[in-house]
Each structure stands twice: as C-alpha cells, then as structure tokens.
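Notes for the one structure printed next.
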Amino acid sequence: MEEGTLRFRLQVLLLGALGAAGTARAADTLWPGPRGGSGGTATCRWNSKTKPPQLRQWHYESKHNRRYKMGLAVWASPAIVLTGGRPTVFIGGYDQTMHALDLADKEVLWRKITNGEIAGPPAVGLVGGRQTVFWGSADRHVYAYYADSRGDFDGRQAWPPTELVPPSNTQADASLSAPLLLDGRLYITCFVYDKAFSRSRQKGWLFCLDQNTGRAIWKREVSQGPVSHPMGRMIGGRATVFVCARKGLLQAYDVSGASPGQLWTYQMPHEVMGSPVVEEQGDRPLVFLGSKFGNLHAVDAASGEPVWKRMSGNWIDNTACIGEVDGVRHVFVGSHDYNVYAYEASTGRLRWKRHLGGEVYSAPSYFVYGGRPQVAVAALDNHLYVLDADTGKVTTSYYTGTPIWDKVAKGETLWGSSAVFEAGEETVIVHGSFDDFVYVYPVSQAKDCELRTKVQSPATLWWGLLITLGVFGGIILPIVLRIPERQPQNDRNG
Amino acid sequence: MPDWLRWLEELVEGATANIKLVDQALTGLEGSYVELLTVLSLGLLAVIPVVVPVKRRQFYRHLNQIFGICIFVFVVFTCLGVFGMIRNFHRGINEIGRENIIALYYCSVPVTVLVTSMLFGPSFCGWICPTGALQEFSYLILKGFHRKRKRDGYPYSRKMLALVLSVAVVFMLWMAYLSATRVFFVEDASIYWSEILVILLFVLLWKMREWDGKLRRLRVLSFWVIVASAVAALRITSPVHFGFSKVYDPASVLATVMVFLAALAVPHVWCRYLCPWREAIAWAARHSVRRLVTDFDKCIHCGKCTEVCGVDAVVEGRIDHHECHFCFRCVDACPTGAIEVRDQWRREPCGSDCRSCSSAR
C-alpha cells in the first residue's frame with residue numbers, strides 16, 4: 001500500500017472516531033424563556049443516545065448571611081440546560097446571586113452576585129455562538145454570562161450589565177421579570193415603583209435588547225404596575241410577545257420590526273400573578289393564562305378572541321403548562337383550592353382534577369418518565385408531587401422543606417417552581433425550597449431519596465385507623481380509667 | 001364517582017370557597033386588618049355576656065353563637081381551629097422579636113381567648129366557640145331525650161345504640177369514599193380524633209355514669225398531643241377548620257360532621273372529652289373575676305340546674321368550675337335565684353377549710 005493512501009485512510013479513521021465521539025456527546029440545549037419553551041413545560045431533555053450521567057439527590061445550600069426579606073421568593077425557578085454534555089442548573093433567589101450548578105458532579109460551577117434579589121428564572125441563549133445565561137436583578141440591570149461549563153469562557157461576562165431604568169432617590173426596589181429570547185433579541189419587563197408619582201402615573205415597561213450586545217433597542221410602556229414574564233414565539237412568520245399586567249390586561253405585540261406593534265389586548269377578570277403560555281405548535285395557537293379570580297382563560301394567540309374559560313375553586317396565581325396525553329394537547333394548572341387541573345387544550349374539557357394536601361402555588365412542569373407523561377407541582381403542604389398526567393394519580397411525592405413565611409404572604413409573591421431534567425432513569429426534579437435549599441430529587445423509585453414521602457394510600461389510611469383503635473382502646477383508655485377521678489372544683493359557696 | 005355524589009361535593013366546595021368578606025390575611029405592615037378585626041369582634045362577643053339583659057339571656061346567647069360562627073367563617077383565616085390556635089400560638093411566640101407583626105398575627109386570637117377567660121370566665125366556650133355552638137344546636141334537636149336519659153342516670157338503651165351505630169356507619173362510609181378519592185397525610189389527623197369520638201360513643205353507651213369523670217381526663221392528653229405536634233411543626237387540621245380556611249378540606253368537613261352527629265348522642269361530647277382548648281380555658285378561668293356562686297340558703301334542691309346543664313357541671317347547685325361553660329342556663333333556670341353571676345374583683349376570705357384562702361393568709 002502506498003504511503004499516501006495509508007495516511008489518507010488513517011486520517012479518515014481518525015475523523016470517523018472523532019465524529020462518533022462528537023455525536024455521542026449530548027448537544028448543548030437552550031432555555032429561551034421563563035419556563036423553558038413557550039409551552040411552559042420547564043423540562044430539559046437528554047438528547048444523546050448514550051447513557052446520561054448518573055444523577056443522585058442533592059441538597060444544595062447557599063451559604064450566605066443575608067437577612068430574609070418578607071414577600072420575596074427564597075429561590076426563583078431554575079433553568080436547566082445541557083452545557084458541554086452535562087446537565088447544568090442556573091438558579092437565583094433572594095441571596096442576590098446567580099448560581100450555576102453541575103447536577104452530575106454536584107458542584108458549584110460559578111456564582112455571580114448582583115446588587116438586588118433575583119426573582120425570576122434566567123434564560124439561556126447564544127451570544128457569538130456560545131451558550132450564555134441571562135437574568136434580571138432587582139438592581140435594575142440585566143446580566144449576561146457565558147454558561148459553558150469548564151471551558152475557557154466559563155462564567156465570563158458576555159456583555160456589561162444593561163441598566164434598564166436610571167436610578168433616582170424616590171424609587172423603590174425594581175421588579176424585573178425573567179428574560180425571553182426570541183429571534184435574536186432579548187425581551188424583559190420591568191416595574192419600579194416611584195414615590196415621586198401617584199399610583200396612576202407608575203409605569204411598567206417591556207424592554208427589547210440586542211441579545212448579542214445588550215444594547216437597548218426599544219422600550220414600551222405596557223402597564224401602570226407590575227408586569228408578568230414575557231412569553232412568545234413565532235406565529236405566522238412574525239415574532240409575537242405576550243405580556244400581562246398585574247391588573248389583568250393581557251397584551252400581544254408584534255416585535256418583528258424596529259418597534260413593537262400592539263396586536264390585541266384582552267382584559268382578565270382579576271389580578272394576574274402568573275405569565276401566559278402559548279402552544280408551541282400550530283399556526284393558530286392558543287394562549288393560556290389563569291387569574292386570581294380563579295379561572296383559566298384560553299385566548300386565540302393571533303386575534304385575542306376568547307376561546308374558552310374554566311373556573312377553579314380559588315386563585316390561580318402561577319403559570320400553566322402544556323403537554324401531550326394520548327396524543328392530545330392538554331393544559332395543566334394548579335390552584336389555591338388544593339387542586340391541579342388538566343384541561344384539553346383545544347376545547348377546555350376537564351380531563352381530571354386532583355386534590356392535593358395544600359394550596360398549589362407552583363407552576364406545573366411536564367415531563368415523560370417510564371413512557372408515561374408526568375406533571376410535577378409543589379403545594380403549600382410542603383410537598384412536591386409527581387402526578388400521572390394521564391389520570392392525575394399521585395405517583396410520588398417529596399418533602400420540600402418548611403416555608404419561612406408560610407401562609408402570610410400567600411398570593412402576594414410568585415414563588416419559585418420546579419424544573420425537570422428528563423433523562424430516563426436519571427430524570428431529576430430541581431426545586432428551590434423555602435428552607436434555603438435547592439433540592440434535586442431523583443424520580444426513579446430505585447434511587448435513594450430520603451425526602452421522598454409516602455402519600456397515604458387507602459390501605460395505609462385504614463391501617464392508621466386500625467392502629468388508632470388499638471392504641472386508644474388497648475392502651476390509652478385503660479390508663480385513663482385507672483387514674484383517680486379529679487375532685488370537682490367547687491367554690492366555697494358551692 | 002356517581003353524578004349525584006360529584007354534584008354534592010361540588011356544592012360543598014362551592015359553598016365553602018371564596019366566602020371571606022376580607023380578601024387576604026394580614027400581610028406584614030402593608031396588610032389588611034383581619035386579625036385586628038377578629039380580636040375586636042371576639043372582644044365584643046366576650047363582653048356581650050356581661051352586658052346582655054338577664055331576661056331572654058339564652059336567646060341572646062344563641063344569637064351570639066351564630067354571630068361567632070359567622071365571624072369565623074367570613075372573617076377569620078387560619079387561627080381558630082381548636083388545634084390551629086395552639087399551633088399558631090406556639091409559632092407566634094417563636095416569632096416575637098423577629099417578626100413582631102407575624103407574632104401578633106398568630107398570637108392575637110389565642111391571647112384574646114385566654115385573657116377574656118381569665119377576666120370573664122370561660123364564656124368563650126358557652127357563648128362564642130363555633131364547635132361548641134354546633135354541638136349545642138345538635139343537643140337542642142334531641143333535648144327531651146337527653147334530659148330523660150340524664151334523669152335515668154345514662155342507662156344503656158336500644159335507641160341510644162341505634163344512634164351510635166348510625167354515627168359509626170356514617171363515619172365508615174364517608175371514610176371509604178374519602179380514602180378512594182383524596183390524598184391523605186399525617187396532617188389530616190382530625191379523622192383520628194373523629195374515630196376516637198366514635199369509639200367513645202360506644203364506651204359511653206354502656207358506662208357513661210361510671211366513667212364520665214375519668215374520661216374527661218382525655219382532654220389533657222388531647223391538649224398535650226397538640227402541643228407536641230405544634231413543637232414538631234406538624235400542621236394538624238382540626239374540626240371546623242375548613243370553615244376558616246378558604247378551601248374545601250374533606251377531612252375537616254368529616255370531623256365537623258362527626259362532632260355534630262356525636263353530640264346528637266351525647267351532649268357536648270367533644271367539649272367534655274376531647275377538646276384541648278376546653279382544658280386550656282378551664283385553667284385560664286380558674287381564678288376568673290366573674291364566677292357563678294350558689295347561695296345554698298336559697299337552694300330548694302329542685303334539680304332544675306342539674307337538668308338543664310349540658311355538660312353535667314352542676315349537681316343541685318354545686319358547680320364544678322373546671323367543667324362549667326358559663327352558659328348561664330342554670331342561673332336562668334333556678335326558680336329561687338340561688339345561683340348568681342358575681343364579679344369578684346376582691347375576694348373576701350371564706351372559711352378555714354378553703355385551701356386557696358388559707359394559703360393567701
């Protein structure tokens with residue numbers, strides 16, 4: 001064999017091996033909005049045919065000495081992406097810090113401190129082809145840092161923080177939403193209460209920034225108060241962003257051009273704490289949004305026409321999520337009436353509702369485990385539940401820690417919700433809990449998880465009643481009957 | 001699930017959801033004044049027994065109880081379940097110095113109840129408590145039956161057996177339905193209290209006369225179990241809790257219905273044997289300023305007071321203050337006015353056999 005031919009064959013072989021290695025590694029993923037995609041599933045899927053890394057339970061505590069301030073979320077919702085083939089979580093909270101956590105090695109990749117609390121989840125997109133994590137802080141700035149773990153750019157600033165609202169002495173804390181990445185631009189809402197103005201002159205803004213540079217392109221006043229996270233997708237070839245004012249005005253903007261054009265508005269019946277979600281598929285998708293009046297509205301995303309609405313028993317104060325069951329799209333939403341509801345997305349037909357142990361404050365996450373669709377939600381009984389999305393049956397639950405302020409600020413603050421890394425038997429749920437920990441719960445029953453709790457099955461409930469009968473009748477009652485009777489406490493006169 | 005059952009459940013859910021007049025509980029410094037309103041209302045209700053006209057006093061008392069129920073259902077949020085008050089009190093005490101507003105939120109109602117009991121006697125039990133009121137209204141349905149049974153010394157009877165069995169069947173069927181449709185946790189412990197209530201009914205069916213006094217000791221145990229659960233941060237829901245929270249709580253609904261039904265068989269059965277607050281209030285009211293006093297010179301031993309007392313706290317003029325609910329039924333029923341309500345801001349020394357006075361001297 002000629003030397004040239006041999007060298008060529010060796011080169012082909014080497015390239016083939018490298019290529020095989022390249023395809024084996026999981027491709028990097030993005031997290032373009034507050035709950036992942038526009039459907040709000042909050043799930044990152046393992047996308048390689050190779051085995052995912054082993055993931056175990058993890059209780060991550062942020063070591064800080066910052067005093068908890070009432071009404072703030074301890075942890076915001078996380079964003080989960082694959083960076084360098086490894087599942088990585090980005091999560092911020094009232095410690096004013098963005099944490100990048102490696103789920104496989106259970107270590108902190110980096111932390112970035114800001115000057116304000118981080119109430120919304122981050123978004124992960126690309127800047128110059130590199131994975132970058134974006135977030136807004138109560139210090140009125142938007143931050144962008146490279147996300148790729150263990151690389152040269154690991155944790156470096158992608159662009160200097162962009163200040164959204166210039167400071168003044170009369171301003172209170174700013175409330176910045178989660179960023180939305182759409183069509184090469186970053187959208188974020190911001191509200192700063194300014195004591196210099198009356199309530200009717202306050203302004204809630206929707207900002208548009210260049211995703212690559214952080215430069216502000218335009219801003220638009222969308223409310224006289226706080227505004228939801230923006231959510232959006234391409235509809236009919238144009239980029240559309242949906243935002244809802246706290247006072248309930250749902251708005252759609254065409255943001256394809258140099259300046260935004262309002263497409264339609266829709267007034268919700270009461271305050272809105274959550275954010276809209278949009279069907280990820282189809283040309284005439286629906287927008288879903290719940291309100292504190294307690295009903296979930298489905299609105300045509302193109303025209304703003306109401307399609308259906310369904311009433312729950314109490315507030316809906318978080319975002320819904322959309323997932324598929326038996327080939328039919330369904331929308332899942334939690335309510336303060338202790339129930340999770342599953343409605344058929346196109347018709348609003350109730351598929352099931354499940355009563356849990358407490359008010360369902362979190363946005364549901366949708367994922368598939370063991371071939372069956374599942375929904376994860378957290379409730380105010382300090383449990384995180386995994387429900388079968390087909391039947392609504394509780395398949396497993398976890399103890400998520402004791403709330404710091406429990407019922408007192410209920411419905412006033414949008415608390416963090418869970419997100420899921422879906423990877424077969426290595427599937428884990430990530431949840432920032434009230435007790436300062438970020439918990440990583442394995443879904444597989446075969447894996448150790450000390451915080452997994454047992455929902456009382458009918459059998460255990462009846463066993464409990466039987467044991468009570470035994471203990472009371474066999475122990476307590478005989479003891480009580482042996483104690484001498486108390487003498488009546490009569491007065492001197494009686 | 002059958003349609004009629006679903007309809008019934010939705011009816012209960014609908015009736016108990018979103019009925020609060022005030023939309024939110026106290027939220028920090030910017031919050032509403034729900035607890036302040038609650039405290040004021042409770043204070044007002046506690047003062048009413050003092051100022052109410054003697055004539056038709058029982059009518060006004062029932063009116064007060066109905067107002068009490070309305071206030072708890074439409075205003076109070078989470079503080080006034082019989083178990084929740086103890087748990088929240090513990091929590092509020094822990095918050096003093098850290099979050100004083102929160103401490104006020106949690107402590108306000110229990111402190112009001114205890115302080116009014118120290119001053120005005122256990123009038124909370126007889127005039128305000130919604131659980132007690134429910135049992136009293138239940139007692140009124142079979143008043144004649146209960147008075148006859150008391151006169152006869154609480155004997156075993158087939159009527160009573162049928163009543164107790166009916167209560168037990170309702171409990172078992174409801175439990176079977178709930179266990180198939182709901183998620184239960186350790187927090188839903190009110191069902192175990194309901195179960196104990198049913199067991200007690202069977203015990204009382206045969207042995208009420210002999211064991212009544214001894215079984216009342218269970219209240220102490222009930223109290224300490226709830227205190228222990230409060231320290232362990234367990235949120236045990238109590239009967240009538242569903243009326244305070246804004247949601248339909250099936251375990252609590254069942255427990256409430258069981259309290260009502262059990263009181264049909266044995267008057268004030270929850271207050272007598274299981275209520276932890278009855279014990280706490282009895283301790284607080286031990287040396288209250290307002291007391292019931294019997295003048296035995298006037299007493300003709302007619303037995304009227306014994307007959308009307310729902311909790312067996314009076315026997316021919318002799319009042320057991322630890323058990324008395326301050327309902328004043330005995331006062332109003334006494335034909336000679338031998339039992340009277342007396343304010344004793346300054347106690348006069350009595351005979352040498354009185355332990356408290358001799359120790360004071």
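Following the order of the structure tokens, first chain is A, next is B, and so on, with residues numbered from 1 inside each chain and ligands from 1 in the order they appear.
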
* DSSP strand (DSSP E) selection over region 180-413 of chain A, as a ChimeraX atom specification -> /A:180-182,185-194,204-210,216-223,231-235,238-244,249-254,261-267,277-278,286-290,295-300,306-311,321-325,328-334,339-344,350-355,365-369,372-379,383-388,394-399

* Asked: Residues at most 8 Å from region 73-82 of chain A, counting only C-alpha atoms, excluding those fewer than 5 positions away in the same chain, as a PyMOL selection string?
  -> chain A and resi 26-31+34-36+42-44+46+68+87-95+118-124+413-421+430-436+438

So that I have them on file, write out the residues from the current selection with N, CA and C atoms, as a compact mmCIF listing (two decimals), in the first residue's frame.
```
# COMPACT_ATOMS: atom_id res chain seq x y z
N ALA A 26 -23.94 14.66 24.29
CA ALA A 26 -25.23 15.33 24.16
C ALA A 26 -25.01 16.75 23.65
N ALA A 27 -25.87 17.15 22.74
CA ALA A 27 -25.76 18.51 22.19
C ALA A 27 -26.21 19.53 23.22
N ASP A 28 -25.59 20.70 23.15
CA ASP A 28 -25.98 21.77 24.08
C ASP A 28 -27.42 22.20 23.80
N THR A 29 -28.11 22.55 24.85
CA THR A 29 -29.51 22.96 24.69
C THR A 29 -29.69 24.40 25.18
N LEU A 30 -30.83 24.96 24.88
CA LEU A 30 -31.13 26.34 25.29
C LEU A 30 -32.36 26.35 26.18
N TRP A 31 -32.54 27.47 26.84
CA TRP A 31 -33.71 27.66 27.72
C TRP A 31 -34.19 29.08 27.42
N PRO A 34 -38.95 31.92 30.44
CA PRO A 34 -39.05 31.70 31.89
C PRO A 34 -39.29 30.24 32.27
N ARG A 35 -40.09 29.52 31.51
CA ARG A 35 -40.34 28.11 31.81
C ARG A 35 -39.85 27.25 30.65
N GLY A 36 -38.67 27.54 30.15
CA GLY A 36 -38.15 26.81 29.02
C GLY A 36 -38.78 27.33 27.75
N ALA A 42 -41.01 23.54 31.28
CA ALA A 42 -39.88 23.62 32.22
C ALA A 42 -39.09 22.31 32.29
N THR A 43 -38.83 21.75 31.12
CA THR A 43 -38.12 20.47 31.07
C THR A 43 -36.97 20.55 30.08
N CYS A 44 -35.84 20.00 30.49
CA CYS A 44 -34.68 19.88 29.60
C CYS A 44 -34.49 18.38 29.33
N TRP A 46 -32.54 15.01 27.79
CA TRP A 46 -31.25 14.42 27.39
C TRP A 46 -31.39 14.04 25.92
N TYR A 68 -33.42 37.37 55.41
CA TYR A 68 -34.60 37.14 54.57
C TYR A 68 -35.55 38.32 54.66
N PRO A 87 -25.68 18.12 32.39
CA PRO A 87 -26.84 18.90 32.85
C PRO A 87 -26.43 19.96 33.87
N THR A 88 -26.80 21.19 33.59
CA THR A 88 -26.41 22.31 34.46
C THR A 88 -27.65 23.12 34.83
N VAL A 89 -27.69 23.52 36.08
CA VAL A 89 -28.83 24.30 36.58
C VAL A 89 -28.38 25.72 36.86
N PHE A 90 -29.19 26.68 36.47
CA PHE A 90 -28.95 28.08 36.84
C PHE A 90 -30.12 28.53 37.68
N ILE A 91 -29.84 29.05 38.86
CA ILE A 91 -30.92 29.46 39.75
C ILE A 91 -30.48 30.65 40.60
N GLY A 92 -31.39 31.59 40.76
CA GLY A 92 -31.11 32.76 41.60
C GLY A 92 -32.17 32.86 42.67
N GLY A 93 -32.04 33.84 43.55
CA GLY A 93 -33.02 33.96 44.61
C GLY A 93 -32.79 35.21 45.42
N TYR A 94 -33.27 35.20 46.67
CA TYR A 94 -33.17 36.43 47.47
C TYR A 94 -31.76 36.66 47.99
N ASP A 95 -30.85 35.70 47.76
CA ASP A 95 -29.45 35.93 48.14
C ASP A 95 -28.73 36.79 47.09
N ILE A 118 -32.96 38.26 42.93
CA ILE A 118 -33.29 37.73 41.60
C ILE A 118 -34.60 36.96 41.76
N ALA A 119 -35.67 37.54 41.24
CA ALA A 119 -36.98 36.95 41.48
C ALA A 119 -37.43 36.04 40.35
N GLY A 120 -36.83 36.20 39.18
CA GLY A 120 -37.28 35.41 38.03
C GLY A 120 -36.25 34.40 37.60
N PRO A 121 -36.68 33.38 36.87
CA PRO A 121 -35.70 32.40 36.37
C PRO A 121 -34.86 33.00 35.25
N PRO A 122 -33.66 32.50 35.05
CA PRO A 122 -32.83 33.00 33.96
C PRO A 122 -33.23 32.38 32.62
N ALA A 123 -32.68 32.91 31.54
CA ALA A 123 -32.85 32.31 30.22
C ALA A 123 -31.47 31.96 29.69
N VAL A 124 -31.41 30.96 28.86
CA VAL A 124 -30.11 30.57 28.29
C VAL A 124 -30.23 30.60 26.77
N THR A 413 -46.64 36.92 46.45
CA THR A 413 -45.35 36.72 45.82
C THR A 413 -45.44 35.50 44.92
N LEU A 414 -44.80 35.59 43.77
CA LEU A 414 -44.77 34.42 42.91
C LEU A 414 -43.58 33.57 43.32
N TRP A 415 -43.84 32.49 43.99
CA TRP A 415 -42.74 31.66 44.48
C TRP A 415 -42.19 30.79 43.35
N GLY A 416 -40.99 30.30 43.57
CA GLY A 416 -40.32 29.51 42.55
C GLY A 416 -41.00 28.17 42.31
N SER A 417 -40.92 27.72 41.09
CA SER A 417 -41.50 26.43 40.72
C SER A 417 -40.37 25.49 40.32
N SER A 418 -40.71 24.23 40.18
CA SER A 418 -39.68 23.25 39.87
C SER A 418 -39.42 23.18 38.37
N ALA A 419 -38.28 22.63 38.01
CA ALA A 419 -37.96 22.32 36.61
C ALA A 419 -37.41 20.90 36.59
N VAL A 420 -37.44 20.29 35.41
CA VAL A 420 -37.12 18.86 35.34
C VAL A 420 -36.02 18.62 34.32
N PHE A 421 -35.08 17.74 34.67
CA PHE A 421 -34.13 17.23 33.68
C PHE A 421 -34.59 15.82 33.34
N VAL A 430 -35.70 19.58 39.94
CA VAL A 430 -34.93 20.59 40.68
C VAL A 430 -35.90 21.61 41.24
N HIS A 431 -35.81 21.84 42.55
CA HIS A 431 -36.77 22.74 43.18
C HIS A 431 -36.08 23.58 44.24
N GLY A 432 -36.20 24.88 44.13
CA GLY A 432 -35.66 25.77 45.16
C GLY A 432 -36.67 25.87 46.28
N SER A 433 -36.30 25.40 47.45
CA SER A 433 -37.27 25.27 48.52
C SER A 433 -37.26 26.48 49.45
N PHE A 434 -38.27 26.53 50.33
CA PHE A 434 -38.40 27.64 51.28
C PHE A 434 -37.33 27.61 52.36
N ASP A 435 -36.76 26.42 52.59
CA ASP A 435 -35.83 26.29 53.70
C ASP A 435 -34.39 26.57 53.28
N ASP A 436 -34.21 27.34 52.20
CA ASP A 436 -32.90 27.79 51.73
C ASP A 436 -32.16 26.77 50.88
N VAL A 438 -31.64 24.18 47.59
CA VAL A 438 -32.10 23.77 46.26
C VAL A 438 -32.05 22.25 46.28
```

* Asked: So which residues touch region 118-124 of chain B within 8 Å, counting only C-alpha atoms, skipping near sequence neighbours fewer than 5 positions away, as an MDAnalysis selection string?
  -> chainID B and resid 46 49:50 113 129 281:282 284:291 324:327

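Put simply, CA of Glu95 (chain B) is 16.7 Å away from CA of Val227 (chain B).
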
* **Point-to-point distance from CA of His270 (chain A) to CA of Lys247 (chain A), Å rounded to tenths** =>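 Taking CA of His270 (chain A) and CA of Lys247 (chain A), their separation equals 6.8 Å.
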
* Figure out the distance between CA of Ser312 (chain A) and CA of Ala345 (chain A), please, to one decimal in Å. =>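 Between CA of Ala345 (chain A) and CA of Ser312 (chain A) the gap is 15.7 Å.
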
* To do: For Arg310 (chain A), please output as JSON, numbers by chain all residues within 9 Å (counting only C-alpha atoms; exclusion window: fewer than 6 positions along the same chain).
  => {"A": [294, 295, 296, 297, 298, 343, 348, 349, 350]}

* To do: Excluding Ala103 (chain B) and any residue of its chain fewer than 2 positions from it, enumerate the residues within 8 Å of it, using only C-alpha atoms, and give them as an NGL selection string.
  => :B and (91-96 or 99-101 or 105-107)

* Asked: Neighbours of Arg61 (chain B) within 9 Å (only C-alpha atoms; same-chain residues fewer than 4 positions away dropped), as a PyMOL selection string?
  -> chain B and resi 48-49+52+56-57+65-66+126-128+327
